[in-house]
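**Student:** Okay, so here is work.txt, and as you'll see once you scroll down, it has compact mmCIF, C-alpha atoms.
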```txt
# COMPACT_ATOMS: atom_id res chain seq x y z
CA MET N 1 73.84 -11.75 74.24
CA ASP N 2 77.41 -10.58 74.01
CA PRO N 3 80.13 -13.12 73.24
CA PRO N 4 82.13 -14.20 76.33
CA ASN N 5 84.99 -11.74 75.72
CA PRO N 6 83.65 -8.65 77.55
CA GLY N 7 82.62 -10.65 80.60
CA LYS N 8 86.19 -11.95 80.88
CA GLY N 9 87.73 -8.52 80.45
CA PHE N 10 88.76 -8.77 76.80
CA TYR N 11 87.76 -7.14 73.56
CA TYR N 12 86.15 -9.11 70.77
CA ASN N 13 88.90 -8.79 68.16
CA VAL N 14 88.35 -8.30 64.45
CA TYR N 15 91.41 -8.96 62.29
CA ILE N 16 91.36 -7.36 58.84
CA HIS N 17 93.65 -9.31 56.53
CA HIS N 18 95.57 -7.53 53.74
CA GLY N 19 97.06 -10.50 51.93
CA GLU N 20 100.85 -10.65 52.18
CA ASP N 21 101.06 -7.16 53.66
CA ASP N 22 100.40 -8.13 57.28
CA LEU N 23 101.36 -10.71 59.89
CA PHE N 24 98.19 -12.81 59.69
CA PRO N 25 98.20 -16.26 58.01
CA SER N 26 97.65 -16.08 54.27
CA GLY N 27 95.15 -18.92 54.47
CA TRP N 28 92.70 -16.99 56.63
CA ALA N 29 89.25 -16.65 55.12
CA MET N 30 86.36 -14.53 56.39
CA GLY N 31 84.75 -16.13 59.43
CA GLN N 32 84.63 -16.55 63.18
CA GLY N 33 87.27 -18.54 65.04
CA THR N 34 88.18 -19.29 68.65
CA ASP N 35 91.56 -18.56 70.21
CA PRO N 36 93.45 -20.87 72.64
CA PHE N 37 91.75 -19.12 75.59
CA GLY N 38 88.25 -20.01 74.37
CA LEU N 39 87.48 -16.51 73.14
CA PRO N 40 85.98 -15.94 69.68
CA PHE N 41 87.37 -13.55 67.11
CA LEU N 42 86.51 -12.52 63.56
CA THR N 43 88.71 -12.51 60.46
CA LEU N 44 87.81 -10.38 57.45
CA HIS N 45 89.57 -9.56 54.21
CA PHE N 46 89.84 -5.87 53.46
CA GLY N 47 88.67 -6.45 49.88
CA GLY N 48 85.44 -8.08 51.02
CA MET N 49 84.34 -5.50 53.55
CA GLY N 50 82.82 -3.13 50.99
CA LEU N 51 82.85 -0.23 53.42
CA ALA N 52 82.81 2.36 50.66
CA THR N 53 79.57 0.91 49.26
CA GLY N 54 77.64 0.44 52.50
CA GLY N 55 79.07 -2.85 53.69
CA SER N 56 79.52 -6.40 52.47
CA GLN N 57 76.94 -9.15 52.98
CA THR N 58 79.75 -11.21 54.50
CA VAL N 59 80.31 -8.63 57.23
CA TYR N 60 76.67 -8.89 58.34
CA HIS N 61 76.57 -12.68 58.05
CA GLU N 62 79.75 -13.19 60.07
CA GLY N 63 78.82 -10.38 62.41
CA PHE N 64 75.62 -12.21 63.33
CA HIS N 65 77.69 -15.24 64.33
CA ILE N 66 79.25 -13.08 67.06
CA PHE N 67 75.94 -13.04 68.91
CA GLN N 68 75.28 -16.74 68.41
CA TYR N 69 78.51 -17.71 70.13
CA ASP N 70 77.31 -17.59 73.76
CA GLN N 71 73.93 -19.20 73.05
CA ASN N 72 72.69 -21.52 75.79
CA SER N 73 70.53 -24.00 73.84
CA PRO N 74 72.18 -27.40 73.34
CA GLY N 75 69.67 -28.13 70.58
CA PHE N 76 71.05 -25.25 68.51
CA ALA N 77 74.62 -26.54 68.42
CA TYR N 78 76.75 -26.07 65.31
CA SER N 79 76.72 -29.77 64.52
CA GLY N 80 74.57 -32.56 63.15
CA ASP N 81 70.95 -31.77 62.34
CA SER N 82 71.06 -28.28 63.87
CA MET N 83 74.15 -27.04 62.01
CA TRP N 84 72.02 -25.74 59.12
CA TYR N 85 70.38 -23.10 61.28
CA ILE N 86 73.55 -21.36 62.38
CA GLU N 87 74.34 -20.48 58.78
CA SER N 88 70.83 -19.92 57.47
CA SER N 89 69.87 -17.59 60.33
CA ALA N 90 72.98 -15.49 59.73
CA GLN N 91 71.99 -15.27 56.06
CA TRP N 92 68.43 -14.37 57.11
CA TYR N 93 69.73 -11.52 59.27
CA THR N 94 71.70 -10.24 56.28
CA VAL N 95 68.42 -10.00 54.33
CA SER N 96 67.38 -7.02 56.44
CA ARG N 97 70.28 -5.03 54.97
CA PHE N 98 70.32 -6.33 51.39
CA ARG N 99 66.71 -7.36 50.61
CA GLU N 100 66.79 -6.24 46.97
CA ASP N 101 70.38 -7.22 46.22
CA ARG N 102 70.67 -9.45 43.14
CA GLY N 103 73.17 -11.74 44.87
CA LEU N 104 71.16 -12.23 48.05
CA CYS N 105 69.98 -15.76 47.20
CA ILE N 106 72.64 -17.26 44.95
CA GLN N 107 72.23 -20.67 46.63
CA VAL N 108 68.51 -20.97 45.87
CA GLY N 109 69.21 -23.07 42.77
CA ALA N 110 70.45 -25.85 45.04
CA ILE N 111 67.16 -25.76 46.97
CA VAL N 112 64.84 -26.20 43.98
CA ALA N 113 67.25 -28.64 42.29
CA ASN N 114 66.96 -31.25 45.05
CA PRO N 115 63.83 -30.51 47.09
CA HIS N 116 63.78 -34.06 48.43
CA LEU N 117 66.64 -33.26 50.84
CA ALA N 118 65.76 -32.66 54.49
CA LEU N 119 65.30 -29.14 55.76
CA TRP N 120 68.30 -29.69 58.06
CA HIS N 121 70.62 -31.19 55.43
CA SER N 122 74.12 -29.70 55.86
CA PHE N 123 77.80 -30.62 55.77
CA HIS N 124 78.06 -33.73 57.93
CA ASN N 125 74.59 -35.31 58.15
CA HIS N 126 74.06 -36.40 54.55
CA GLY N 127 72.85 -39.83 53.53
CA PRO N 128 75.32 -42.61 52.72
CA ASN N 129 74.86 -42.18 48.95
CA ASP N 130 74.79 -38.37 48.87
CA PRO N 131 77.72 -36.39 47.49
CA ALA N 132 79.79 -34.98 50.35
CA SER N 133 79.98 -31.19 50.53
CA ASN N 134 83.66 -31.24 49.52
CA GLU N 135 83.15 -33.31 46.37
CA GLY N 136 83.42 -30.52 43.82
CA ARG N 137 80.40 -29.38 41.87
CA PRO N 138 78.07 -32.22 42.96
CA GLY N 139 79.03 -31.40 46.53
CA TRP N 140 78.01 -27.77 46.00
CA MET N 141 74.53 -28.90 44.98
CA TYR N 142 74.15 -30.72 48.30
CA GLY N 143 76.45 -28.85 50.69
CA VAL N 144 75.45 -25.24 50.03
CA ARG N 145 71.80 -25.76 51.00
CA GLN N 146 72.21 -24.55 54.55
CA TYR N 147 73.33 -21.17 53.25
CA GLY N 148 70.29 -21.01 50.97
CA MET N 149 67.72 -22.03 53.56
CA HIS N 150 67.44 -18.38 54.57
CA THR N 151 64.87 -18.36 51.76
CA TYR N 152 62.67 -20.52 54.01
CA LEU N 153 63.26 -18.19 56.95
CA MET N 154 62.44 -15.21 54.71
CA PHE N 155 59.18 -16.92 53.77
CA LEU N 156 58.38 -17.58 57.43
CA THR N 157 58.69 -13.94 58.46
CA GLU N 158 57.88 -12.00 55.27
CA VAL N 159 55.05 -14.09 53.80
CA ALA N 160 53.70 -16.30 56.59
CA GLY N 161 53.93 -13.62 59.29
CA VAL N 162 55.91 -15.61 61.88
CA GLU N 163 57.33 -13.21 64.47
CA ARG N 164 60.99 -12.46 63.83
CA ASN N 165 61.92 -12.91 67.50
CA ILE N 166 60.89 -16.59 67.35
CA LEU N 167 63.76 -17.17 64.92
CA THR N 168 66.32 -15.69 67.33
CA ASP N 169 64.94 -16.43 70.82
CA GLY N 170 65.67 -20.13 70.48
CA PHE N 171 69.41 -19.52 70.80
CA TYR N 172 68.82 -18.40 74.40
CA ALA N 173 65.88 -20.62 75.35
CA LYS N 174 68.04 -23.24 77.11
CA THR N 175 66.28 -25.84 74.97
CA ASP N 176 67.35 -29.27 73.83
CA LEU N 177 64.98 -28.98 70.86
CA SER N 178 66.56 -28.54 67.45
CA PRO N 179 65.63 -25.31 65.63
CA GLN N 180 63.19 -27.15 63.37
CA GLU N 181 61.40 -28.74 66.32
CA TYR N 182 61.52 -25.51 68.33
CA PHE N 183 59.59 -23.69 65.56
CA TYR N 184 57.15 -26.59 65.33
CA GLU N 185 56.42 -26.26 69.06
CA LYS N 186 56.30 -22.45 69.13
CA VAL N 187 54.27 -21.79 65.99
CA GLY N 188 52.13 -24.94 66.13
CA ALA N 189 52.18 -28.22 64.23
CA GLU N 190 49.36 -27.55 61.76
CA LYS N 191 50.50 -24.02 60.97
CA MET N 192 54.14 -24.97 60.49
CA ARG N 193 53.21 -27.86 58.23
CA GLY N 194 51.06 -25.54 56.17
CA ILE N 195 53.77 -22.89 55.93
CA PHE N 196 56.34 -25.40 54.78
CA ALA N 197 53.99 -26.74 52.11
CA ASP N 198 53.21 -23.18 50.99
CA TRP N 199 56.94 -22.40 50.76
CA ALA N 200 57.44 -25.53 48.66
CA ALA N 201 54.55 -24.48 46.41
CA HIS N 202 55.94 -20.97 45.92
CA ASN N 203 59.37 -22.43 45.13
CA THR N 204 57.68 -24.56 42.48
CA GLY N 205 55.68 -21.61 41.18
CA GLY N 206 58.80 -19.68 40.28
CA LEU N 207 60.13 -18.42 43.64
CA ASP N 208 57.74 -15.49 43.43
CA TYR N 209 58.66 -14.20 46.88
CA LEU N 210 62.07 -13.22 45.48
CA THR N 211 62.81 -10.63 42.82
CA LYS N 212 63.18 -11.74 39.21
CA GLU N 213 66.86 -10.72 39.30
CA GLN N 214 67.50 -12.81 42.42
CA VAL N 215 65.92 -15.88 40.84
CA GLU N 216 67.94 -15.47 37.64
CA ARG N 217 71.15 -15.07 39.63
CA GLY N 218 70.33 -18.17 41.66
CA TYR N 219 70.01 -20.34 38.57
CA LEU N 220 73.18 -18.85 37.11
CA GLU N 221 75.08 -20.06 40.16
CA ILE N 222 74.33 -23.68 39.22
CA THR N 223 76.33 -23.08 36.05
CA LEU N 224 79.09 -21.21 37.85
CA ALA N 225 79.52 -23.47 40.89
CA GLY N 226 77.10 -26.40 40.72
CA ASP N 227 76.30 -29.35 38.49
CA TRP N 228 73.22 -29.49 36.24
CA ASP N 229 73.38 -33.30 36.38
CA TYR N 230 72.09 -32.91 39.94
CA TYR N 231 69.20 -30.68 38.93
CA ARG N 232 66.14 -32.85 39.77
CA PRO N 233 63.22 -30.50 40.54
CA TYR N 234 60.56 -33.07 39.48
CA VAL N 235 60.22 -36.77 40.21
CA TRP N 236 57.67 -37.30 37.42
CA SER N 237 56.86 -35.26 34.31
CA SER N 238 54.51 -35.53 31.34
CA VAL N 239 52.99 -33.52 28.53
CA ASP N 240 49.17 -33.50 28.59
CA GLU N 241 49.04 -36.88 30.29
CA GLY N 242 48.36 -38.46 33.66
CA THR N 243 49.54 -41.83 34.90
CA GLY N 244 46.40 -43.55 33.62
CA SER N 245 45.38 -46.45 35.82
CA ASP N 246 48.92 -46.83 37.13
CA TRP N 247 50.37 -45.51 40.36
CA PHE N 248 53.73 -43.77 40.34
CA THR N 249 56.26 -44.28 43.16
CA PRO N 250 59.52 -42.27 43.21
CA THR N 251 62.87 -44.00 43.59
CA GLU N 252 64.26 -44.13 47.11
CA ASP N 253 67.06 -41.69 46.36
CA LEU N 254 64.58 -38.99 45.29
CA SER N 255 61.79 -39.73 47.79
CA PRO N 256 61.23 -36.85 50.22
CA ARG N 257 63.06 -36.93 53.51
CA GLY N 258 61.90 -35.21 56.68
CA TRP N 259 60.52 -31.73 55.98
CA ALA N 260 61.23 -32.01 52.29
CA TYR N 261 59.10 -32.28 49.17
CA ASN N 262 58.61 -33.80 45.73
CA VAL N 263 56.98 -32.26 42.65
CA ILE N 264 54.80 -33.95 40.03
CA ASN N 265 54.91 -31.91 36.79
CA ILE N 266 52.43 -31.82 33.91
CA ASN N 267 53.26 -29.56 30.98
CA ASN N 268 49.91 -28.57 29.55
CA THR N 269 48.51 -27.49 26.16
CA GLN N 270 44.90 -28.66 26.54
CA THR N 271 41.63 -27.81 28.25
CA THR N 272 40.91 -30.69 30.61
CA THR N 273 40.76 -31.76 34.27
CA TYR N 274 43.36 -33.59 36.37
CA THR N 275 42.76 -35.50 39.58
CA PHE N 276 45.64 -36.33 41.90
CA ASP N 277 45.37 -39.20 44.41
CA LEU N 278 48.06 -39.56 47.06
CA GLN N 279 48.68 -42.59 49.28
CA GLY N 280 51.67 -42.39 51.58
CA ASP N 281 53.46 -45.12 53.50
CA ALA N 282 52.59 -45.31 57.19
CA THR N 283 56.21 -44.88 58.25
CA GLY N 284 59.49 -43.67 56.89
CA SER N 285 62.43 -45.88 55.95
CA GLN N 286 63.71 -45.82 59.54
CA GLY N 287 60.34 -46.21 61.24
CA ALA N 288 59.17 -42.64 61.99
CA PRO N 289 55.43 -42.04 61.39
CA SER N 290 54.78 -40.33 58.06
CA PHE N 291 52.80 -37.14 57.53
CA PHE N 292 52.10 -35.53 54.15
CA VAL N 293 50.55 -32.25 53.01
CA GLY N 294 49.77 -31.45 49.37
CA ARG N 295 49.58 -28.30 47.27
CA VAL N 296 48.59 -27.76 43.62
CA VAL N 297 50.25 -25.04 41.55
CA LEU N 298 48.60 -23.92 38.32
CA MET N 299 50.79 -21.87 35.99
CA SER N 300 48.22 -19.59 34.36
CA LYS N 301 48.84 -16.81 31.86
CA ASN N 302 48.54 -14.37 34.79
CA GLY N 303 51.02 -16.19 37.00
CA PRO N 304 50.90 -19.04 39.51
CA VAL N 305 47.66 -19.98 41.27
CA TYR N 306 47.94 -21.99 44.49
CA SER N 307 45.45 -24.40 46.04
CA GLU N 308 45.46 -27.12 48.69
CA MET N 309 45.09 -30.86 48.38
CA THR N 310 42.30 -32.19 50.58
CA MET N 311 43.94 -34.54 53.07
CA THR N 312 41.71 -37.37 54.29
CA SER N 313 44.37 -38.64 56.69
CA ALA N 314 47.99 -37.97 57.62
CA VAL N 315 49.13 -39.90 54.53
CA SER N 316 46.25 -39.73 52.02
CA GLY N 317 44.72 -36.96 49.97
CA GLN N 318 43.06 -35.93 46.73
CA ALA N 319 42.93 -32.81 44.57
CA THR N 320 41.14 -32.00 41.31
CA ILE N 321 41.94 -29.04 39.08
CA ALA N 322 40.58 -27.81 35.76
CA VAL N 323 43.08 -26.41 33.25
CA THR N 324 42.72 -24.59 29.94
CA SER N 325 44.99 -24.48 26.93
CA GLU N 326 46.31 -21.15 28.21
CA ASP N 327 47.66 -22.78 31.38
CA SER N 328 51.23 -23.86 30.70
CA ALA N 329 51.67 -26.35 33.54
CA VAL N 330 50.17 -27.84 36.66
CA PHE N 331 52.20 -29.21 39.57
CA LEU N 332 51.40 -31.38 42.54
CA VAL N 333 53.68 -30.57 45.47
CA ILE N 334 53.95 -33.41 48.02
CA ALA N 335 55.43 -32.14 51.29
CA SER N 336 56.74 -34.63 53.84
CA VAL N 337 56.29 -33.00 57.27
CA PRO N 338 56.50 -35.67 59.99
CA ALA N 339 56.66 -35.00 63.71
CA PHE N 340 60.24 -36.20 63.57
CA PHE N 341 63.11 -33.77 63.14
CA THR N 342 66.29 -35.68 62.58
CA SER N 343 67.96 -38.23 60.26
CA TYR N 344 68.08 -38.62 56.48
CA GLN N 345 65.33 -41.25 56.32
CA HIS N 346 62.91 -40.95 53.40
CA TYR N 347 59.12 -41.21 53.40
CA GLY N 348 57.60 -43.23 50.59
CA TYR N 349 54.28 -42.76 48.81
CA LYS N 350 52.47 -43.47 45.56
CA VAL N 351 50.45 -41.07 43.43
CA LYS N 352 47.95 -41.51 40.61
CA VAL N 353 47.18 -38.74 38.13
CA THR N 354 43.89 -39.15 36.28
CA LYS N 355 43.13 -37.02 33.22
```
What does this structure look like when you write it as structure tokens?
**Tutor:**
Amino acid sequence: MDPPNPGKGFYYNVYIHHGEDDLFPSGWAMGQGTDPFGLPFLTLHFGGMGLATGGSQTVYHEGFHIFQYDQNSPGFAYSGDSMWYIESSAQWYTVSRFREDRGLCIQVGAIVANPHLALWHSFHNHGPNDPASNEGRPGWMYGVRQYGMHTYLMFLTEVAGVERNILTDGFYAKTDLSPQEYFYEKVGAEKMRGIFADWAAHNTGGLDYLTKEQVERGYLEITLAGDWDYYRPYVWSSVDEGTGSDWFTPTEDLSPRGWAYNVININNTQTTTYTFDLQGDATGSQGAPSFFVGRVVLMSKNGPVYSEMTMTSAVSGQATIAVTSEDSAVFLVIASVPAFFTSYQHYGYKVKVTK
């Protein structure tokens, strides 16, 4: 839908800022604002438009916001646990114009660095002990996620085959459902849980749905803007070893939240077999019923090989995999996918790895 401007007899204005050489405020960045009459407008910097080279990613991202402005779904508001989708969907739209661009997914390092954060983690809904998005480099690791979650939306449409219109129709569905719950209802619970677990597995297997250049650029951004002290892709790691007779339980701060995941990592040099046993808590830390799905990722000499953990209940499962000395690593991906789509509560579990 159009923004409200035309219906009220006004143009949608785009102001192109030229630094000190015009009348616009020097502090203006590139983005959408609203004037005193309730009408949106767009501000761009002439240096970031890239018109001579086919257009800037920012132009397409901010341009998509124009057509989100008059959305009629309260559940898709730019606040709380739905804020993430406004930004990630604009990034996802930009993909259609810049799919092979090296800088398309520069935020992806923040996704794989802290996979325990909720799908809907954004600026103002973080946990009480999380870095705030304005706290320098640690804040980048947590606050930039919503701009990088277009990788999940890319996976939904490009790999999992979810219809593209499902990702945009929700803005005009007059729904109180959040985007994450809207997809769950439209696509189906079992399918969405499986897609999320598959996305988590492919992230763990090297982000193989992106180009090599995009992955390299994403990791470089951690050095340029992030903080490697907040790079926690695995909650448990070993070399050629399981947990023996012991069970491992992650700390609360790294346990998966809603629609999030943990990774168990074994660096391998031997020919052997590993069995993974998973037992999840019945409920999350704030009382929501838990639901887990597992994936196993084998890093073979020919690339990643993906398989599913057999789930015997909503919180329990087992997987066994044979490895050879040519397989460099094996990962267990534990995806927390409850039928609950808000809050920063975490979902506990324990896992045993038998060699």
**Student:** Expressed in Å to a single decimal, how great is the separation between atom CA of Gly148 of chain N and atom CA of Gly80 of chain N?
**Tutor:**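 It comes out at 17.3 Å.
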**Student:** Write out as a compact mmCIF listing (two decimals) with C-alpha atoms, in the frame of the given file the residues lying within 10 Å of Gly287 of chain N, counting all atoms listed in the file and excluding same-chain residues fewer than 2 positions away.
**Tutor:**
```txt
# COMPACT_ATOMS: atom_id res chain seq x y z
CA ALA N 282 52.59 -45.31 57.19
CA THR N 283 56.21 -44.88 58.25
CA GLY N 284 59.49 -43.67 56.89
CA SER N 285 62.43 -45.88 55.95
CA PRO N 289 55.43 -42.04 61.39
CA SER N 290 54.78 -40.33 58.06
CA GLN N 345 65.33 -41.25 56.32
CA HIS N 346 62.91 -40.95 53.40
CA TYR N 347 59.12 -41.21 53.40
```
**Student:** I'd like to know which of N:Gly206, N:Met154, N:Phe292, N:Trp259 is closest to Tyr184 of chain N, using all atoms listed in the file.
**Tutor:**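 Selected residue with least distance to Tyr184 of chain N: N:Trp259.
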**Student:** Skip segment 216-227 of chain N itself and residues of its chain fewer than 2 positions away, then list as a PyMOL selection string all residues within 6 Å of it, counting all atoms listed in the file.
**Tutor:** chain N and resi 106-109+137-138+140-141+213-214+229-230
**Student:** Let me make sure I understand: among N:Phe276, N:Tyr349, N:Trp236, N:Tyr306, which one has the smallest atom-to-atom distance to Gly205 of chain N if we use only C-alpha atoms?
**Tutor:**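 With only C-alpha atoms as the atom set, the closest residue is N:Tyr306.
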**Student:** Find the residue from N:Leu104, N:Glu20, N:Asp169, N:Tyr78 that sits nearest to Met1 of chain N; use all atoms listed in the file when measuring.
**Tutor:**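 Among N:Leu104, N:Glu20, N:Asp169, N:Tyr78, it is N:Asp169 that comes nearest to Met1 of chain N.
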**Student:** Expressed in Å to a single decimal, how great is the separation between atom CA of Phe183 of chain N and atom CA of Gly258 of chain N?
**Tutor:** 14.7 Å
**Student:** Show which residues sit within 10 Å of Lys8 of chain N, as an MDAnalysis selection string. Count all atoms listed in the file, and ignore same-chain residues fewer than 4 positions away.
**Tutor:** chainID N and resid 3:4 39
**Student:** Atom CA of Ala329 of chain N and atom CA of Met299 of chain N are how many Å apart?
**Tutor:**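 One can read the atom CA of Ala329 of chain N to atom CA of Met299 of chain N distance as 5.2 Å.
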